[in-house]
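Here's model_22.pdb, which has PDB, C-alpha atoms, pLDDT in the B column:
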ATOM      1  CA  MET A   1     -34.759  75.443 -36.051  1.00 48.00           C
ATOM      2  CA  HIS A   2     -36.667  75.395 -39.305  1.00 50.00           C
ATOM      3  CA  SER A   3     -34.520  75.786 -42.386  1.00 48.00           C
ATOM      4  CA  PRO A   4     -35.981  77.197 -45.605  1.00 46.00           C
ATOM      5  CA  THR A   5     -36.852  74.711 -48.325  1.00 42.00           C
ATOM      6  CA  LEU A   6     -35.287  74.791 -51.742  1.00 37.00           C
ATOM      7  CA  ASP A   7     -38.531  76.195 -53.120  1.00 41.00           C
ATOM      8  CA  SER A   8     -38.436  79.248 -50.858  1.00 37.00           C
ATOM      9  CA  PRO A   9     -37.926  82.457 -52.860  1.00 37.00           C
ATOM     10  CA  PRO A  10     -34.733  84.348 -52.048  1.00 39.00           C
ATOM     11  CA  ARG A  11     -35.136  87.370 -49.831  1.00 39.00           C
ATOM     12  CA  THR A  12     -34.477  90.685 -51.489  1.00 40.00           C
ATOM     13  CA  ALA A  13     -32.985  93.584 -49.599  1.00 45.00           C
ATOM     14  CA  ALA A  14     -35.425  96.355 -48.753  1.00 54.00           C
ATOM     15  CA  PRO A  15     -34.854  99.604 -50.641  1.00 67.00           C
ATOM     16  CA  THR A  16     -32.677 102.024 -48.726  1.00 82.00           C
ATOM     17  CA  ALA A  17     -33.692 105.594 -47.990  1.00 86.00           C
ATOM     18  CA  ALA A  18     -31.373 106.754 -50.791  1.00 85.00           C
ATOM     19  CA  VAL A  19     -33.069 104.453 -53.311  1.00 90.00           C
ATOM     20  CA  ARG A  20     -36.520 105.646 -52.290  1.00 92.00           C
ATOM     21  CA  ALA A  21     -35.379 109.274 -52.462  1.00 93.00           C
ATOM     22  CA  ALA A  22     -33.863 108.772 -55.914  1.00 94.00           C
ATOM     23  CA  VAL A  23     -37.084 107.281 -57.256  1.00 94.00           C
ATOM     24  CA  ALA A  24     -39.183 110.030 -55.683  1.00 96.00           C
ATOM     25  CA  LEU A  25     -36.946 112.763 -57.140  1.00 96.00           C
ATOM     26  CA  ALA A  26     -36.537 111.255 -60.604  1.00 97.00           C
ATOM     27  CA  VAL A  27     -40.206 111.536 -61.572  1.00 96.00           C
ATOM     28  CA  PRO A  28     -40.702 115.297 -60.958  1.00 97.00           C
ATOM     29  CA  SER A  29     -37.234 116.030 -62.366  1.00 97.00           C
ATOM     30  CA  VAL A  30     -37.986 114.322 -65.680  1.00 97.00           C
ATOM     31  CA  LEU A  31     -41.466 115.844 -65.813  1.00 97.00           C
ATOM     32  CA  LEU A  32     -40.160 119.365 -65.204  1.00 98.00           C
ATOM     33  CA  ILE A  33     -37.462 119.007 -67.851  1.00 97.00           C
ATOM     34  CA  ALA A  34     -40.061 117.774 -70.353  1.00 97.00           C
ATOM     35  CA  LEU A  35     -42.487 120.627 -69.641  1.00 97.00           C
ATOM     36  CA  ILE A  36     -39.764 123.257 -69.945  1.00 97.00           C
ATOM     37  CA  THR A  37     -38.366 121.722 -73.129  1.00 96.00           C
ATOM     38  CA  LEU A  38     -41.869 121.725 -74.626  1.00 96.00           C
ATOM     39  CA  SER A  39     -42.518 125.286 -73.334  1.00 95.00           C
ATOM     40  CA  TRP A  40     -45.806 124.214 -71.786  1.00 97.00           C
ATOM     41  CA  ASP A  41     -47.873 127.403 -71.759  1.00 97.00           C
ATOM     42  CA  PRO A  42     -49.457 127.156 -68.269  1.00 97.00           C
ATOM     43  CA  LEU A  43     -46.032 126.635 -66.681  1.00 97.00           C
ATOM     44  CA  MET A  44     -44.409 129.376 -68.763  1.00 97.00           C
ATOM     45  CA  ASP A  45     -47.183 131.817 -67.842  1.00 97.00           C
ATOM     46  CA  LEU A  46     -46.836 130.999 -64.135  1.00 97.00           C
ATOM     47  CA  ASP A  47     -43.065 131.432 -64.379  1.00 97.00           C
ATOM     48  CA  SER A  48     -43.463 134.815 -66.046  1.00 97.00           C
ATOM     49  CA  ASP A  49     -46.050 136.062 -63.561  1.00 97.00           C
ATOM     50  CA  ILE A  50     -43.946 135.156 -60.524  1.00 97.00           C
ATOM     51  CA  ALA A  51     -40.727 136.493 -62.045  1.00 97.00           C
ATOM     52  CA  ARG A  52     -42.351 139.767 -63.106  1.00 97.00           C
ATOM     53  CA  THR A  53     -43.911 140.387 -59.695  1.00 97.00           C
ATOM     54  CA  THR A  54     -40.687 139.531 -57.879  1.00 97.00           C
ATOM     55  CA  HIS A  55     -38.661 141.803 -60.143  1.00 97.00           C
ATOM     56  CA  GLU A  56     -40.988 144.711 -59.405  1.00 96.00           C
ATOM     57  CA  TRP A  57     -40.398 144.129 -55.692  1.00 97.00           C
ATOM     58  CA  ALA A  58     -36.630 143.992 -56.276  1.00 97.00           C
ATOM     59  CA  VAL A  59     -36.673 147.338 -58.071  1.00 97.00           C
ATOM     60  CA  ASP A  60     -38.784 148.906 -55.334  1.00 96.00           C
ATOM     61  CA  GLU A  61     -36.599 147.540 -52.498  1.00 96.00           C
ATOM     62  CA  PRO A  62     -32.965 148.388 -53.363  1.00 96.00           C
ATOM     63  CA  ASP A  63     -31.643 147.590 -49.871  1.00 97.00           C
ATOM     64  CA  VAL A  64     -33.141 144.112 -49.903  1.00 97.00           C
ATOM     65  CA  THR A  65     -31.865 143.639 -53.447  1.00 97.00           C
ATOM     66  CA  GLN A  66     -28.339 144.643 -52.477  1.00 97.00           C
ATOM     67  CA  THR A  67     -28.406 142.131 -49.622  1.00 97.00           C
ATOM     68  CA  ALA A  68     -29.650 139.455 -52.005  1.00 97.00           C
ATOM     69  CA  ARG A  69     -26.808 140.238 -54.404  1.00 96.00           C
ATOM     70  CA  ILE A  70     -24.205 139.908 -51.659  1.00 96.00           C
ATOM     71  CA  LEU A  71     -25.651 136.592 -50.530  1.00 97.00           C
ATOM     72  CA  THR A  72     -25.979 135.151 -54.019  1.00 96.00           C
ATOM     73  CA  ASP A  73     -22.615 136.432 -55.324  1.00 94.00           C
ATOM     74  CA  TRP A  74     -20.410 135.778 -52.298  1.00 95.00           C
ATOM     75  CA  VAL A  75     -22.005 133.697 -49.544  1.00 96.00           C
ATOM     76  CA  TRP A  76     -23.935 131.097 -51.563  1.00 96.00           C
ATOM     77  CA  ASP A  77     -22.007 131.396 -54.815  1.00 95.00           C
ATOM     78  CA  PRO A  78     -21.136 128.046 -56.510  1.00 96.00           C
ATOM     79  CA  TRP A  79     -17.426 128.765 -56.059  1.00 96.00           C
ATOM     80  CA  THR A  80     -17.977 129.279 -52.336  1.00 96.00           C
ATOM     81  CA  MET A  81     -19.797 125.951 -52.185  1.00 97.00           C
ATOM     82  CA  ARG A  82     -17.013 124.224 -54.113  1.00 97.00           C
ATOM     83  CA  ALA A  83     -14.437 125.761 -51.786  1.00 97.00           C
ATOM     84  CA  LEU A  84     -16.399 124.356 -48.831  1.00 96.00           C
ATOM     85  CA  ALA A  85     -16.409 120.924 -50.460  1.00 97.00           C
ATOM     86  CA  THR A  86     -12.663 121.180 -51.131  1.00 96.00           C
ATOM     87  CA  ALA A  87     -11.975 122.123 -47.505  1.00 96.00           C
ATOM     88  CA  THR A  88     -14.007 119.116 -46.373  1.00 95.00           C
ATOM     89  CA  VAL A  89     -12.052 116.842 -48.719  1.00 96.00           C
ATOM     90  CA  LEU A  90      -8.775 118.057 -47.230  1.00 96.00           C
ATOM     91  CA  TRP A  91     -10.127 117.649 -43.687  1.00 93.00           C
ATOM     92  CA  LEU A  92     -11.233 114.090 -44.378  1.00 93.00           C
ATOM     93  CA  ILE A  93      -7.798 113.196 -45.755  1.00 93.00           C
ATOM     94  CA  THR A  94      -5.587 114.976 -43.228  1.00 93.00           C
ATOM     95  CA  ARG A  95      -7.614 114.542 -40.027  1.00 87.00           C
ATOM     96  CA  ARG A  96      -9.376 111.210 -40.540  1.00 84.00           C
ATOM     97  CA  SER A  97      -7.363 109.505 -43.306  1.00 87.00           C
ATOM     98  CA  ALA A  98     -10.680 108.857 -45.079  1.00 88.00           C
ATOM     99  CA  TRP A  99      -9.578 108.771 -48.686  1.00 91.00           C
ATOM    100  CA  ARG A 100     -12.625 107.034 -50.109  1.00 90.00           C
ATOM    101  CA  PRO A 101     -15.325 109.458 -48.874  1.00 91.00           C
ATOM    102  CA  ALA A 102     -12.985 112.388 -49.572  1.00 93.00           C
ATOM    103  CA  LEU A 103     -12.450 111.400 -53.182  1.00 92.00           C
ATOM    104  CA  TRP A 104     -16.142 110.584 -53.470  1.00 93.00           C
ATOM    105  CA  LEU A 105     -17.114 114.060 -52.269  1.00 94.00           C
ATOM    106  CA  GLY A 106     -14.747 115.717 -54.733  1.00 95.00           C
ATOM    107  CA  ALA A 107     -15.862 113.538 -57.636  1.00 95.00           C
ATOM    108  CA  VAL A 108     -19.589 114.071 -57.039  1.00 95.00           C
ATOM    109  CA  THR A 109     -19.132 117.826 -56.659  1.00 96.00           C
ATOM    110  CA  LEU A 110     -17.357 117.862 -60.017  1.00 96.00           C
ATOM    111  CA  LEU A 111     -20.011 115.598 -61.519  1.00 95.00           C
ATOM    112  CA  GLY A 112     -22.749 117.969 -60.364  1.00 95.00           C
ATOM    113  CA  THR A 113     -21.006 120.875 -62.113  1.00 95.00           C
ATOM    114  CA  LEU A 114     -20.654 118.903 -65.349  1.00 96.00           C
ATOM    115  CA  LEU A 115     -24.293 117.789 -65.218  1.00 96.00           C
ATOM    116  CA  GLN A 116     -25.655 121.291 -64.735  1.00 95.00           C
ATOM    117  CA  GLN A 117     -23.537 122.686 -67.557  1.00 95.00           C
ATOM    118  CA  GLY A 118     -24.573 119.843 -69.835  1.00 96.00           C
ATOM    119  CA  MET A 119     -28.221 120.387 -68.966  1.00 96.00           C
ATOM    120  CA  LYS A 120     -27.929 124.121 -69.609  1.00 96.00           C
ATOM    121  CA  ALA A 121     -26.492 123.424 -73.075  1.00 95.00           C
ATOM    122  CA  ALA A 122     -29.102 120.755 -73.857  1.00 96.00           C
ATOM    123  CA  VAL A 123     -32.169 122.759 -72.786  1.00 95.00           C
ATOM    124  CA  GLY A 124     -30.853 126.159 -73.909  1.00 95.00           C
ATOM    125  CA  ARG A 125     -33.445 128.199 -72.040  1.00 96.00           C
ATOM    126  CA  GLU A 126     -33.172 131.983 -72.206  1.00 95.00           C
ATOM    127  CA  ARG A 127     -32.882 133.981 -68.998  1.00 96.00           C
ATOM    128  CA  PRO A 128     -35.391 136.684 -68.061  1.00 96.00           C
ATOM    129  CA  VAL A 129     -34.774 140.041 -69.737  1.00 95.00           C
ATOM    130  CA  TRP A 130     -35.823 143.242 -67.949  1.00 95.00           C
ATOM    131  CA  PRO A 131     -35.758 146.884 -69.037  1.00 94.00           C
ATOM    132  CA  ASP A 132     -34.378 147.806 -65.590  1.00 94.00           C
ATOM    133  CA  PRO A 133     -32.229 144.841 -64.468  1.00 94.00           C
ATOM    134  CA  VAL A 134     -30.856 144.750 -60.923  1.00 94.00           C
ATOM    135  CA  ASP A 135     -28.264 142.051 -61.660  1.00 94.00           C
ATOM    136  CA  SER A 136     -26.843 140.054 -64.557  1.00 91.00           C
ATOM    137  CA  ALA A 137     -25.795 136.460 -65.242  1.00 91.00           C
ATOM    138  CA  HIS A 138     -24.342 134.418 -68.077  1.00 87.00           C
ATOM    139  CA  TYR A 139     -25.020 131.100 -69.795  1.00 89.00           C
ATOM    140  CA  ALA A 140     -28.401 129.433 -70.195  1.00 95.00           C
ATOM    141  CA  ALA A 141     -31.038 129.560 -67.496  1.00 96.00           C
ATOM    142  CA  PHE A 142     -32.079 125.964 -66.759  1.00 97.00           C
ATOM    143  CA  PRO A 143     -31.196 124.639 -64.280  1.00 97.00           C
ATOM    144  CA  SER A 144     -29.981 127.271 -61.836  1.00 97.00           C
ATOM    145  CA  GLY A 145     -26.308 126.522 -61.227  1.00 96.00           C
ATOM    146  CA  HIS A 146     -26.408 128.268 -57.865  1.00 97.00           C
ATOM    147  CA  ALA A 147     -29.390 126.216 -56.663  1.00 98.00           C
ATOM    148  CA  MET A 148     -28.059 122.912 -57.974  1.00 98.00           C
ATOM    149  CA  THR A 149     -24.537 123.403 -56.620  1.00 98.00           C
ATOM    150  CA  ALA A 150     -25.867 124.345 -53.186  1.00 98.00           C
ATOM    151  CA  ALA A 151     -28.159 121.294 -53.161  1.00 98.00           C
ATOM    152  CA  VAL A 152     -25.334 118.955 -54.187  1.00 98.00           C
ATOM    153  CA  VAL A 153     -22.707 120.276 -51.760  1.00 97.00           C
ATOM    154  CA  CYS A 154     -25.041 120.720 -48.780  1.00 97.00           C
ATOM    155  CA  GLY A 155     -26.664 117.359 -49.424  1.00 97.00           C
ATOM    156  CA  LEU A 156     -23.300 115.595 -49.579  1.00 96.00           C
ATOM    157  CA  LEU A 157     -22.058 117.281 -46.410  1.00 96.00           C
ATOM    158  CA  LEU A 158     -25.213 116.279 -44.533  1.00 96.00           C
ATOM    159  CA  TRP A 159     -24.775 112.722 -45.758  1.00 93.00           C
ATOM    160  CA  LEU A 160     -21.171 112.706 -44.527  1.00 93.00           C
ATOM    161  CA  LEU A 161     -22.271 113.972 -41.109  1.00 93.00           C
ATOM    162  CA  HIS A 162     -24.791 111.141 -40.949  1.00 90.00           C
ATOM    163  CA  LEU A 163     -22.149 108.650 -42.118  1.00 87.00           C
ATOM    164  CA  TYR A 164     -19.772 109.703 -39.362  1.00 86.00           C
ATOM    165  CA  GLY A 165     -22.405 109.750 -36.630  1.00 86.00           C
ATOM    166  CA  ALA A 166     -22.662 113.461 -35.923  1.00 84.00           C
ATOM    167  CA  GLY A 167     -24.270 114.290 -32.596  1.00 90.00           C
ATOM    168  CA  ARG A 168     -27.786 115.661 -32.339  1.00 91.00           C
ATOM    169  CA  VAL A 169     -26.774 119.294 -31.770  1.00 95.00           C
ATOM    170  CA  LEU A 170     -24.253 119.333 -34.624  1.00 93.00           C
ATOM    171  CA  TRP A 171     -26.746 117.615 -36.920  1.00 93.00           C
ATOM    172  CA  ARG A 172     -29.520 120.117 -36.195  1.00 95.00           C
ATOM    173  CA  ILE A 173     -27.213 123.074 -36.719  1.00 96.00           C
ATOM    174  CA  ALA A 174     -25.897 121.644 -40.001  1.00 96.00           C
ATOM    175  CA  LEU A 175     -29.398 120.801 -41.219  1.00 96.00           C
ATOM    176  CA  THR A 176     -30.620 124.333 -40.459  1.00 97.00           C
ATOM    177  CA  VAL A 177     -27.647 125.993 -42.165  1.00 97.00           C
ATOM    178  CA  ALA A 178     -28.008 123.710 -45.195  1.00 97.00           C
ATOM    179  CA  ALA A 179     -31.748 124.360 -45.524  1.00 98.00           C
ATOM    180  CA  VAL A 180     -31.314 128.128 -45.231  1.00 98.00           C
ATOM    181  CA  SER A 181     -28.483 128.071 -47.772  1.00 97.00           C
ATOM    182  CA  VAL A 182     -30.250 125.922 -50.370  1.00 98.00           C
ATOM    183  CA  ILE A 183     -33.600 127.694 -50.096  1.00 98.00           C
ATOM    184  CA  GLY A 184     -32.002 131.113 -49.697  1.00 97.00           C
ATOM    185  CA  VAL A 185     -29.815 130.934 -52.771  1.00 98.00           C
ATOM    186  CA  GLY A 186     -32.786 129.882 -54.883  1.00 97.00           C
ATOM    187  CA  LEU A 187     -34.861 132.811 -53.677  1.00 97.00           C
ATOM    188  CA  THR A 188     -32.038 135.279 -54.354  1.00 98.00           C
ATOM    189  CA  ARG A 189     -31.718 134.068 -57.945  1.00 97.00           C
ATOM    190  CA  VAL A 190     -35.379 134.806 -58.611  1.00 98.00           C
ATOM    191  CA  TRP A 191     -35.328 138.060 -56.614  1.00 97.00           C
ATOM    192  CA  THR A 192     -32.377 139.431 -58.596  1.00 97.00           C
ATOM    193  CA  GLY A 193     -34.184 138.575 -61.825  1.00 96.00           C
ATOM    194  CA  VAL A 194     -31.583 136.253 -63.350  1.00 97.00           C
ATOM    195  CA  HIS A 195     -33.666 133.061 -63.209  1.00 97.00           C
ATOM    196  CA  TRP A 196     -37.185 131.860 -63.721  1.00 98.00           C
ATOM    197  CA  PRO A 197     -38.682 130.122 -60.671  1.00 98.00           C
ATOM    198  CA  THR A 198     -38.652 126.741 -62.416  1.00 98.00           C
ATOM    199  CA  ASP A 199     -34.910 127.128 -63.079  1.00 98.00           C
ATOM    200  CA  VAL A 200     -34.427 127.159 -59.320  1.00 98.00           C
ATOM    201  CA  LEU A 201     -36.874 124.297 -58.782  1.00 98.00           C
ATOM    202  CA  GLY A 202     -35.011 122.303 -61.412  1.00 98.00           C
ATOM    203  CA  GLY A 203     -31.689 123.036 -59.708  1.00 98.00           C
ATOM    204  CA  TRP A 204     -33.038 121.839 -56.366  1.00 98.00           C
ATOM    205  CA  LEU A 205     -34.539 118.655 -57.827  1.00 98.00           C
ATOM    206  CA  LEU A 206     -31.540 117.734 -59.961  1.00 98.00           C
ATOM    207  CA  GLY A 207     -29.097 118.527 -57.151  1.00 97.00           C
ATOM    208  CA  ALA A 208     -30.982 116.353 -54.680  1.00 97.00           C
ATOM    209  CA  LEU A 209     -31.319 113.597 -57.296  1.00 97.00           C
ATOM    210  CA  THR A 210     -27.578 113.691 -57.936  1.00 97.00           C
ATOM    211  CA  VAL A 211     -26.881 113.244 -54.232  1.00 96.00           C
ATOM    212  CA  ALA A 212     -29.406 110.419 -53.858  1.00 95.00           C
ATOM    213  CA  LEU A 213     -28.101 108.484 -56.876  1.00 95.00           C
ATOM    214  CA  THR A 214     -24.469 108.797 -55.861  1.00 92.00           C
ATOM    215  CA  VAL A 215     -25.269 107.713 -52.290  1.00 92.00           C
ATOM    216  CA  VAL A 216     -27.010 104.644 -53.741  1.00 92.00           C
ATOM    217  CA  VAL A 217     -23.848 103.800 -55.685  1.00 90.00           C
ATOM    218  CA  TYR A 218     -21.653 104.453 -52.647  1.00 89.00           C
ATOM    219  CA  GLU A 219     -23.756 102.160 -50.472  1.00 84.00           C
ATOM    220  CA  ARG A 220     -23.368  99.332 -52.981  1.00 84.00           C
ATOM    221  CA  TRP A 221     -19.616  99.798 -53.301  1.00 77.00           C
ATOM    222  CA  PRO A 222     -17.850  97.569 -50.712  1.00 64.00           C
ATOM    223  CA  THR A 223     -16.191  99.649 -48.015  1.00 63.00           C
ATOM    224  CA  PRO A 224     -12.545  98.865 -47.167  1.00 59.00           C
ATOM    225  CA  SER A 225     -12.132  98.463 -43.416  1.00 52.00           C
ATOM    226  CA  THR A 226      -9.540 101.258 -43.378  1.00 50.00           C
ATOM    227  CA  ASP A 227     -12.103 103.756 -44.693  1.00 55.00           C
ATOM    228  CA  ALA A 228     -14.950 102.836 -42.365  1.00 54.00           C
ATOM    229  CA  PRO A 229     -15.946 105.597 -39.925  1.00 56.00           C
ATOM    230  CA  GLN A 230     -14.263 104.803 -36.608  1.00 51.00           C
ATOM    231  CA  ARG A 231     -15.490 107.494 -34.235  1.00 52.00           C
ATOM    232  CA  PRO A 232     -18.383 109.976 -34.141  1.00 56.00           C
ATOM    233  CA  LEU A 233     -17.752 113.607 -34.984  1.00 61.00           C
ATOM    234  CA  ALA A 234     -17.146 116.026 -32.132  1.00 55.00           C
ATOM    235  CA  GLY A 235     -17.096 113.146 -29.682  1.00 48.00           C
ATOM    236  CA  GLN A 236     -20.887 113.010 -29.668  1.00 51.00           C
ATOM    237  CA  GLU A 237     -23.212 110.107 -30.074  1.00 48.00           C
ATOM    238  CA  HIS A 238     -26.833 109.891 -31.102  1.00 45.00           C
ATOM    239  CA  ARG A 239     -29.229 109.623 -28.237  1.00 42.00           C
TER     240      ARG A 239
END

Please lay out the structure from this file as structure tokens.
Amino acid sequence: MHSPTLDSPPRTAAPTAAVRAAVALAVPSVLLIALITLSWDPLMDLDSDIARTTHEWAVDEPDVTQTARILTDWVWDPWTMRALATATVLWLITRRSAWRPALWLGAVTLLGTLLQQGMKAAVGRERPVWPDPVDSAHYAAFPSGHAMTAAVVCGLLLWLLHLYGAGRVLWRIALTVAAVSVIGVGLTRVWTGVHWPTDVLGGWLLGALTVALTVVVYERWPTPSTDAPQRPLAGQEHR
């Protein structure tokens, strides 16, 4: 067997999927924040055109608008997402004795809330104002708290399912529900006229970036043997 010489360069670990995702998400996130902070005219004009057209549709379609309000205020509301995260934390502790991922989930969910509120205060973007509003919202516009919270919570839950070896059927169902929830809540925020489209885009990007960065940290934090996943969820295995 040939052993490496002393002059051989050390091997470096290949970037994980989380690292690659974090890098890919960081660039558009920073660029979008810069363009919004600078009020770049082409982007502001596009935002206004889309928001104005969508608001006209919302006024003309009261039934669709009422459905959007129910979804955005009750089904995909940030507090609903946080309640889902809290329930998962309790399940991890009581059913699987997985304290580390449970505390991690709770901490990152809280971190995502603090980041979005800090970003809202730092950017200070005004929300759309309409003569005939169909809904109302408070605080600054960028990023959308609904979109970012949904991206953070759904992203973390998908990561946990992957970590615990969810079966193919469960994974596909969870992925579909997560995608519909994250995309759906963003569309409802624009439809109800309380956000500019780029507020939602920013929420999606920053939420996904938060998940990717925290997964990178988690992967580099040594795992105690007592917290390692011991059995796949729902008794299923990947095929």

My list of candidates is A:Thr37, A:Thr149, A:Thr198, A:Thr94. Which is closest to Leu111 in chain A when distances are computed with all atoms listed in the file?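 So, comparing all the options, the nearest one is A:Thr149.
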
From the options A:Arg100, A:Ala87, A:Pro42, A:Pro143, which residue's atoms come nearest to Gly124 in chain A, counting all atoms listed in the file?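 Going through A:Arg100, A:Ala87, A:Pro42, A:Pro143 one by one, the smallest distance to Gly124 in chain A is for A:Pro143.
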
Residues near range 204-211 of chain A, cut-off 6 Å, only C-alpha atoms, skip fewer than 6 positions along chain, as a count of residues only: 7

When you count all atoms listed in the file, which of these residues is closest to Arg20 in chain A: A:Val216, A:Arg52, A:Arg189, A:Val75?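 Using all atoms listed in the file, Arg20 in chain A sits closest to A:Val216.
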
Using only C-alpha atoms, pick whichever of A:Gln117, A:Thr80, A:Leu160, A:Asp199 has the shortest atom-to-atom distance to Met44 in chain A.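 Checking each of A:Gln117, A:Thr80, A:Leu160, A:Asp199 against Met44 in chain A, counting only C-alpha atoms, the winner is A:Asp199.
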